[in-house]
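Asks: Please find one structure pasted underneath; my questions will follow.
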Amino acid sequence: SEVAEFLKKHRIKVTGSDVPHPVKSFDMLCKEHEFPAFVQRNLQKFGFRQPTPIQMQAVPIAVHRRDLIANAPTGSGKTLAFLLSILHDINTPEKEGFRAVVVSPTRELATQIYEHMRNLTFGQKVKTCLMTKKAATLQAEDPMMRQRYDILVTTPLRLVHSIQKGEINLKHVRRLVLDEADTLMEKGFLEQVDEILAACTSPNLQISLFSATMPSSDPVRVIIGAMNS
Ligand code: ADP
Ligand code: MG
């Protein structure tokens, strides 16, 4: 079929049932999936002309609120893939606290993701918070500040500290992205990731795992019984 040809051409492999079709262009993505106009404008403004293969396939999947495990090489544009997924449904300020969280293993990576999101939301009122030690302290002093943010970018340790101190709650989070998920699943981070997952209590939570590596190139997925939602 046409879709199969397209996937082959871009070396995209997918498994799962009823997988949403990939998109050829940002124009098609924004029109077919009804992104707000500023997204396409800011993609243009910051020089993103053509989606990379991971963006072509991962964004439509996440937009359909399907949970996602995405593996694509370093430098293949995974950041924009998950940021677009977030912006699809979180693109205006709501003042109800964080509705999307991106967890990244290092401060440096979190900062890059934050700056990328700032560009994509240029000129808009939707607000992204980079959770650093200083930001956490300010927000602890003024709890109302937290309500002003819609999207959170953070490291696991920083986020768990804030959850444990009761400075932050994740009950309105609708999208959780684990970037460099393979690293986050390793010993040392796993307990923190567990705690973050436990704090995301919304029944509408959609989870995406992004990483460059796979333990094997031909994994088999086994599901027994009904999945927990
Ligand atoms: P990864 O997380 O997969 O290693 P990044 O998301 O950091 O990769 O992206 C690598 C580089 O590619 C960044 O400089 C980013 O701005 C750029 N990039 C991402 N998507 C596109 C695109 N569609 N067109 C042009 N450049 C892109
Ligand atoms: Mg990355």
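Identifiers in this document derive from the order of the structure tokens: chains are assigned A, B, ..., residues are numbered from 1 separately in each chain, and ligands are numbered from 1 in order of occurrence.
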Could you please extract the residues within 9 Å of ligand 2, counting only C-alpha atoms and all ligand atoms, and hand them back as number ranges by chain?
Replies: A: 73-79, 104, 109, 113, 179-180, 210-212
Asks: How would the residues just picked look written out with all heavy atoms as a compact mmCIF listing (two decimals), in the first residue's frame?
Replies:
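Ended up saving to selection25.txt:
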# COMPACT_ATOMS: atom_id res chain seq x y z
N PRO A 73 17.67 7.30 16.24
CA PRO A 73 19.06 7.64 16.55
C PRO A 73 19.23 9.05 17.13
O PRO A 73 18.37 9.92 16.94
CB PRO A 73 19.77 7.56 15.20
CG PRO A 73 18.87 6.81 14.31
CD PRO A 73 17.48 6.96 14.83
N THR A 74 20.36 9.26 17.77
CA THR A 74 20.73 10.58 18.26
C THR A 74 20.75 11.56 17.09
O THR A 74 21.24 11.21 16.01
CB THR A 74 22.12 10.50 18.92
OG1 THR A 74 22.05 9.55 19.97
CG2 THR A 74 22.55 11.84 19.48
N GLY A 75 20.18 12.72 17.28
CA GLY A 75 20.18 13.74 16.24
C GLY A 75 19.03 13.63 15.26
O GLY A 75 18.96 14.36 14.28
N SER A 76 18.10 12.71 15.51
CA SER A 76 17.02 12.48 14.55
C SER A 76 15.78 13.34 14.82
O SER A 76 14.77 13.21 14.12
CB SER A 76 16.63 11.00 14.54
OG SER A 76 16.13 10.60 15.80
N GLY A 77 15.83 14.21 15.83
CA GLY A 77 14.73 15.15 16.04
C GLY A 77 13.65 14.65 16.99
O GLY A 77 12.48 15.01 16.87
N LYS A 78 14.05 13.85 17.97
CA LYS A 78 13.07 13.32 18.93
C LYS A 78 12.43 14.45 19.76
O LYS A 78 11.26 14.40 20.10
CB LYS A 78 13.72 12.26 19.83
CG LYS A 78 14.12 11.00 19.07
CD LYS A 78 14.59 9.89 19.96
CE LYS A 78 15.93 10.14 20.63
NZ LYS A 78 17.07 10.19 19.67
N THR A 79 13.23 15.46 20.10
CA THR A 79 12.70 16.55 20.93
C THR A 79 11.48 17.21 20.29
O THR A 79 10.43 17.35 20.92
CB THR A 79 13.78 17.63 21.17
OG1 THR A 79 14.99 16.99 21.55
CG2 THR A 79 13.35 18.60 22.26
N SER A 104 13.92 14.55 31.78
CA SER A 104 15.16 14.29 31.06
C SER A 104 16.26 14.02 32.07
O SER A 104 16.26 14.62 33.15
CB SER A 104 15.47 15.52 30.21
OG SER A 104 16.66 15.31 29.51
N LEU A 109 20.33 18.67 29.14
CA LEU A 109 19.30 18.24 28.17
C LEU A 109 17.98 18.93 28.46
O LEU A 109 17.29 19.38 27.54
CB LEU A 109 19.14 16.72 28.20
CG LEU A 109 20.26 15.91 27.55
CD1 LEU A 109 20.13 14.43 27.89
CD2 LEU A 109 20.28 16.12 26.05
N ILE A 113 15.71 21.28 25.91
CA ILE A 113 14.29 20.99 25.62
C ILE A 113 13.44 22.23 25.92
O ILE A 113 12.57 22.63 25.15
CB ILE A 113 13.81 19.77 26.44
CG1 ILE A 113 14.55 18.51 26.01
CG2 ILE A 113 12.29 19.59 26.32
CD1 ILE A 113 14.45 17.34 26.99
N ASP A 179 12.29 11.39 28.30
CA ASP A 179 13.30 11.51 27.25
C ASP A 179 14.53 10.72 27.70
O ASP A 179 14.81 10.63 28.89
CB ASP A 179 13.66 13.00 27.06
CG ASP A 179 14.60 13.20 25.89
OD1 ASP A 179 14.53 12.42 24.92
OD2 ASP A 179 15.40 14.15 25.93
N GLU A 180 15.27 10.15 26.72
CA GLU A 180 16.38 9.26 27.07
C GLU A 180 15.85 8.20 28.03
O GLU A 180 16.45 7.93 29.08
CB GLU A 180 17.53 10.03 27.71
CG GLU A 180 17.98 11.25 26.91
CD GLU A 180 19.07 10.93 25.90
OE1 GLU A 180 19.84 9.98 26.11
OE2 GLU A 180 19.12 11.63 24.86
N PHE A 210 10.88 8.06 24.87
CA PHE A 210 11.75 8.33 23.72
C PHE A 210 13.18 7.94 24.06
O PHE A 210 13.68 8.31 25.13
CB PHE A 210 11.72 9.82 23.36
CG PHE A 210 10.54 10.20 22.51
CD1 PHE A 210 9.31 10.44 23.08
CD2 PHE A 210 10.67 10.28 21.13
CE1 PHE A 210 8.21 10.79 22.28
CE2 PHE A 210 9.58 10.63 20.33
CZ PHE A 210 8.36 10.88 20.91
N SER A 211 13.83 7.20 23.17
CA SER A 211 15.25 6.93 23.39
C SER A 211 15.95 6.58 22.08
O SER A 211 15.30 6.33 21.06
CB SER A 211 15.46 5.82 24.41
OG SER A 211 15.18 4.57 23.82
N ALA A 212 17.26 6.57 22.15
CA ALA A 212 18.05 6.28 20.95
C ALA A 212 18.32 4.79 20.81
O ALA A 212 18.57 4.30 19.72
CB ALA A 212 19.37 7.05 21.00
Asks: Name the residues in contact with A:Gln55 at a cut-off of 12 Å, using only C-alpha atoms, excluding same-chain residues fewer than 6 positions from it; report them as a list in words.
Replies: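 In the requested format, the answer is His10, Ile12, His21, Pro22, Val23, Lys24, Ser25, Phe26, Leu29, Phe48, Ile61, Ala62, Val63, Ala70, Asn71, Ala72, Ser76, Gly77, Lys78, Thr79, Leu80, Ala81, Phe82, Leu83, Leu84, Ser85 and Phe210 of chain A.
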Asks: Which of these residues is nearest to A:Gln124, using only C-alpha atoms: A:Arg66, A:Lys171, A:Lys13, A:Arg41?
Replies: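 Nearest to A:Gln124: A:Arg41.
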Asks: Name the residues in contact with A:Leu178 at a cut-off of 12 Å, using only C-alpha atoms, excluding same-chain residues fewer than 4 positions from it; report them as a ChimeraX atom specification.
Replies: /A:67-70,78-79,82-83,100-106,109-110,113,153-156,182-185,189-190,192-194,196-197,206-211
Asks: Can you pull out every residue from stretch 2-229 of chain A that DSSP, working from the backbone, puts in strand (DSSP E or B), and format the result as a list in words?
Replies: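 After running DSSP on the backbone, stretch 2-229 of chain A has strand (DSSP E or B) at Leu68, Ile69, Ala70, Asn71, Ala100, Val101, Val102, Val103, Thr128, Cys129, Leu130, Ile151, Leu152, Val153, Thr154, Arg175, Leu176, Val177, Leu178, Asp179, Gln206, Ile207, Ser208, Leu209, Phe210 and Ser211 of chain A.
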